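To keep things clear, I will list the structure first and then write my remarks on it.
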Amino acid sequence: MCEEELAVPIDIVDIFAGPGGLGEGFSTVRDNEGNRVFNIVNSVEEKNFECQTLRLRSFCRKLTDLNHYDDYLSYLSSPTASSFENLKNNYPDIWAEVDAEIIEISLNQVSQVSVIKTIQKRLHTDRPLILIGGPPCQAYSLVGRARNSKHIRNNDEEWQMDKRRTLYKRYLYFVKKLMPDVFVMENVKGILSATVEDELVFSKVKNDLKTIGGGYKLYSLVVDKEPKELNANDFIIQSENYGIPQRRHRVIVLGVSKRIAHRPSVLEPCYKNKTVEQCIGDLPKLRSSFSDREKGYLKDVETWKAFVSDQLIKYGKNGTVAMTGLPESVGGEWASYSGKMGQDREWYQPITINGIPNHESRSHIAKDIERYIYCALMANEYGTSPRVDELPVDLLPEHRNVSFLKNHDRSTRDDVAFSDRFRVQLRDEPSTTITSHISKDGHYYIHYDPLQARSLTVREAARLQTFPDDYRFEGTRTSQYHQVGNAVPPYLAYQIAKIVSELFG
């Protein structure tokens, strides 16, 4: 393929796109002239809030390329329905392009046929094509399979009818019909051991891909071997080794058509991990607040500060804490920020902004706030997050599986289910895996700063996933957390995209 053919962007189709982590990484790659190397032709996703996020981000890219980024920032600072309608009305042609790009649909045997026809009409036949994405992972995750263990053992109808188990077939269908030059498929580690009809899913996928469209060679992005020499575990990427401030281990397969003679390179490891504090330490400090379920506590900031001060005195070493040192803001959908977006972070360009989206703290019941303070203090003191059986008796949760601990019986700690139920994200380490569970509660994602006494915000979770600060997540806050937890880290996707771009010169 000659250089003249590559003067235009390479087409991308993103299926099971989620909020667009993979697409963001590919879209960020630029050539020596500053032009985008990849162009997203279509993103396919079934969930409405995720599609709203995808549309907004696509709109941002197109406005940025036309030097109208400031208009996008104006919406971020006032994210109302009316301001968004005004933005759309100011750029009707661009919005029409965005609307055609995002396909909101649930993929099944019927819908996938029409989706393929829609995509094929938009593809450029004279350009290479890259397919990215990964089928939803809940049915393959180890936690999900543990929850469904009874159904799996009995091979019952509910388990057999779980369509998520066979969504990988939708991905294979797109490979077969579109015959991309390269594809990138992402999933949880559990897919390596998951089975369908007593056959390993991963083996089925590999065997099918070797024969589709003349065949694909399946490469690891971290082990430099020929495809026939690879074993299943060679496809696991440990994200913290590649500049991601998070211990996220996922299976990512790079499929290269046999039509392409070049062999891809592998990711370059970093030799020093990025830490939680490096990633989120410069963000505006926020306080938590008392949940509506909490009785007996006023909602004003002084009541909250007095409560937190009491807990800091109770559990801290110093004995006293000045109330003036505690944060007062709970943040919001647009929180004031005087820093430089991207400073000292490789995954996006430094841009001076006066605020950031999706940075609002959750409310918590008083007892959880007390637990968060204690856990953060202990984590900072000892460098590890305390287990449930290490909590003071009055902080133990009201659960049957820890009731015996209230009688001071701590000799059977291995019998405590969910012993890490309250987990501080240690300031000097990469975070634990950001998953969709963060949408349910914040117990696994406690901020390391005891003065803030809260769980992580959507923006902090997005930072740990390496989303840029101007990447706004649409929908309810629960949905925003869910979107962030399910995404591929854009900076990891960017590094993969660089490897893919090298295959085309």
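We name chains A, B, ... following the order of the structure tokens; residues begin at 1 in each chain, and ligands are numbered from 1 as shown.
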Residues near Leu283 in chain A, cut-off 10 Å, only C-alpha atoms, skip fewer than 2 positions along chain, as a list of chain:residue names: A:Glu277, A:Cys279, A:Ile280, A:Gly281, A:Lys285, A:Leu286, A:Ala335, A:Ser336, A:Tyr337, A:Ser338, A:Gly339, A:Met341, A:Gly355, A:Ile356, A:His359, A:Arg459, A:Glu460, A:Arg463
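Among the candidates A:Thr478, A:Thr125, A:Ser309, A:Ser58, the one nearest to Asn39 in chain A when counting only C-alpha atoms is A:Ser58.
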Near range 258-273 of chain A, counting only C-alpha atoms, which residues have an atom at most 8 Å away, once you skip same-chain residues fewer than 5 positions from it, shown as a tab-separated table (two decimals) with N, CA and C atoms, in the first residue's frame?
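Once everything was written out, this is result_16.tsv:
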chain	number	residue	atom	x	y	z
A	181	ASP	N	-8.93	-5.24	7.63
A	181	ASP	CA	-7.50	-5.55	7.51
A	181	ASP	C	-6.92	-5.93	8.87
A	214	GLY	N	-10.27	-15.50	4.41
A	214	GLY	CA	-8.90	-15.82	4.03
A	214	GLY	C	-7.99	-16.06	5.22
A	215	GLY	N	-8.51	-15.75	6.42
A	215	GLY	CA	-7.76	-16.06	7.62
A	215	GLY	C	-7.05	-14.88	8.24
A	216	TYR	N	-6.93	-14.92	9.57
A	216	TYR	CA	-6.24	-13.88	10.33
A	216	TYR	C	-5.19	-14.51	11.22
A	217	LYS	N	-4.08	-13.84	11.35
A	217	LYS	CA	-3.08	-14.22	12.34
A	217	LYS	C	-3.39	-13.47	13.62
A	219	TYR	N	-2.23	-12.07	17.08
A	219	TYR	CA	-1.00	-11.68	17.77
A	219	TYR	C	-1.28	-11.22	19.19
A	220	SER	N	-0.30	-11.46	20.05
A	220	SER	CA	-0.28	-10.85	21.38
A	220	SER	C	0.32	-9.45	21.27
A	221	LEU	N	-0.16	-8.55	22.10
A	221	LEU	CA	0.38	-7.18	22.12
A	221	LEU	C	1.48	-7.01	23.15
A	222	VAL	N	1.77	-8.09	23.90
A	222	VAL	CA	2.80	-7.98	24.95
A	222	VAL	C	3.86	-9.08	24.87
A	223	VAL	N	3.61	-10.13	24.09
A	223	VAL	CA	4.57	-11.22	23.93
A	223	VAL	C	4.97	-11.29	22.46
A	224	ASP	N	6.24	-11.11	22.20
A	224	ASP	CA	6.73	-11.04	20.82
A	224	ASP	C	7.02	-12.44	20.29
A	240	GLU	N	-1.12	-1.76	34.17
A	240	GLU	CA	-0.22	-0.94	34.99
A	240	GLU	C	1.21	-0.97	34.45
A	241	ASN	N	1.55	-1.98	33.64
A	241	ASN	CA	2.89	-2.06	33.06
A	241	ASN	C	3.06	-1.17	31.85
A	242	TYR	N	1.98	-0.51	31.43
A	242	TYR	CA	2.02	0.28	30.20
A	242	TYR	C	1.49	1.69	30.40
A	243	GLY	N	1.80	2.24	31.58
A	243	GLY	CA	1.51	3.64	31.85
A	243	GLY	C	0.11	3.94	32.31
A	244	ILE	N	-0.70	2.92	32.58
A	244	ILE	CA	-2.06	3.12	33.08
A	244	ILE	C	-2.02	3.09	34.60
A	245	PRO	N	-2.56	4.09	35.30
A	245	PRO	CA	-2.48	4.12	36.77
A	245	PRO	C	-3.51	3.20	37.43
A	429	GLU	N	0.27	3.81	44.88
A	429	GLU	CA	0.16	2.62	44.05
A	429	GLU	C	-0.80	2.89	42.89
A	430	PRO	N	-0.75	2.07	41.83
A	430	PRO	CA	-1.86	2.12	40.86
A	430	PRO	C	-3.15	1.69	41.55
A	495	GLN	N	-1.87	3.45	22.52
A	495	GLN	CA	-0.62	2.72	22.26
A	495	GLN	C	-0.84	1.56	21.29
A	496	ILE	N	-1.99	0.90	21.42
A	496	ILE	CA	-2.33	-0.17	20.48
A	496	ILE	C	-2.53	0.40	19.08
A	499	ILE	N	0.63	0.92	17.20
A	499	ILE	CA	1.13	-0.33	16.64
A	499	ILE	C	0.39	-0.68	15.36
A	500	VAL	N	-0.94	-0.50	15.37
A	500	VAL	CA	-1.73	-0.78	14.18
A	500	VAL	C	-1.34	0.15	13.04
A	502	GLU	N	1.46	1.41	12.36
A	502	GLU	CA	2.74	1.01	11.78
A	502	GLU	C	2.59	-0.07	10.72
A	503	LEU	N	1.52	-0.87	10.82
A	503	LEU	CA	1.29	-1.92	9.82
A	503	LEU	C	0.99	-1.32	8.45
Spatial neighbours of range 129-134 of chain A, 10 Å, only C-alpha atoms, chain gap at least 3 places, as a PyMOL selection string: chain A and resi 9-18+20-23+26+38-41+43-44+123-126+137+167-168+170-171+174-175+178-188+251-256+488+493+497+500
DSSP-assigned strand (DSSP E) among range 13-42 of chain A, expressed as a ChimeraX atom specification: /A:13-15,38-42
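Rounded to one decimal, CA of Val276 in chain A and CA of Gln246 in chain A lie 7.9 Å from each other.
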Alpha helix (DSSP H) residues, from DSSP on the backbone, in range 263-311 of chain A, as a PyMOL selection string: chain A and resi 276-280+301-311
Residues near range 298-305 of chain A, cut-off 12 Å, only C-alpha atoms, skip fewer than 2 positions along chain, as a VMD selection string: chain A and resid 286 to 296 307 to 312 321 to 330 363 to 366 369 to 370 451 to 454
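One distance worth recording is that between CA of His447 in chain A and CA of Gly331 in chain A, which is 14.9 Å.
Of note, CA of Asp93 in chain A and CA of Val29 in chain A are spaced 24.8 Å apart.
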Residue nearest Arg387 in chain A - candidates A:Arg427, A:His68, A:Lys117, A:His443, atoms counted: only C-alpha atoms: A:His443
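The shortest atom-to-atom distance to Asn233 in chain A, with only C-alpha atoms taken into account, belongs to A:Phe202 out of A:Glu24, A:Phe202, A:Pro450, A:Ser361.
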Best match for closeness to Arg477 in chain A among A:Pro136, A:Gly316, A:Pro92, A:Pro357, counting only C-alpha atoms: A:Pro357
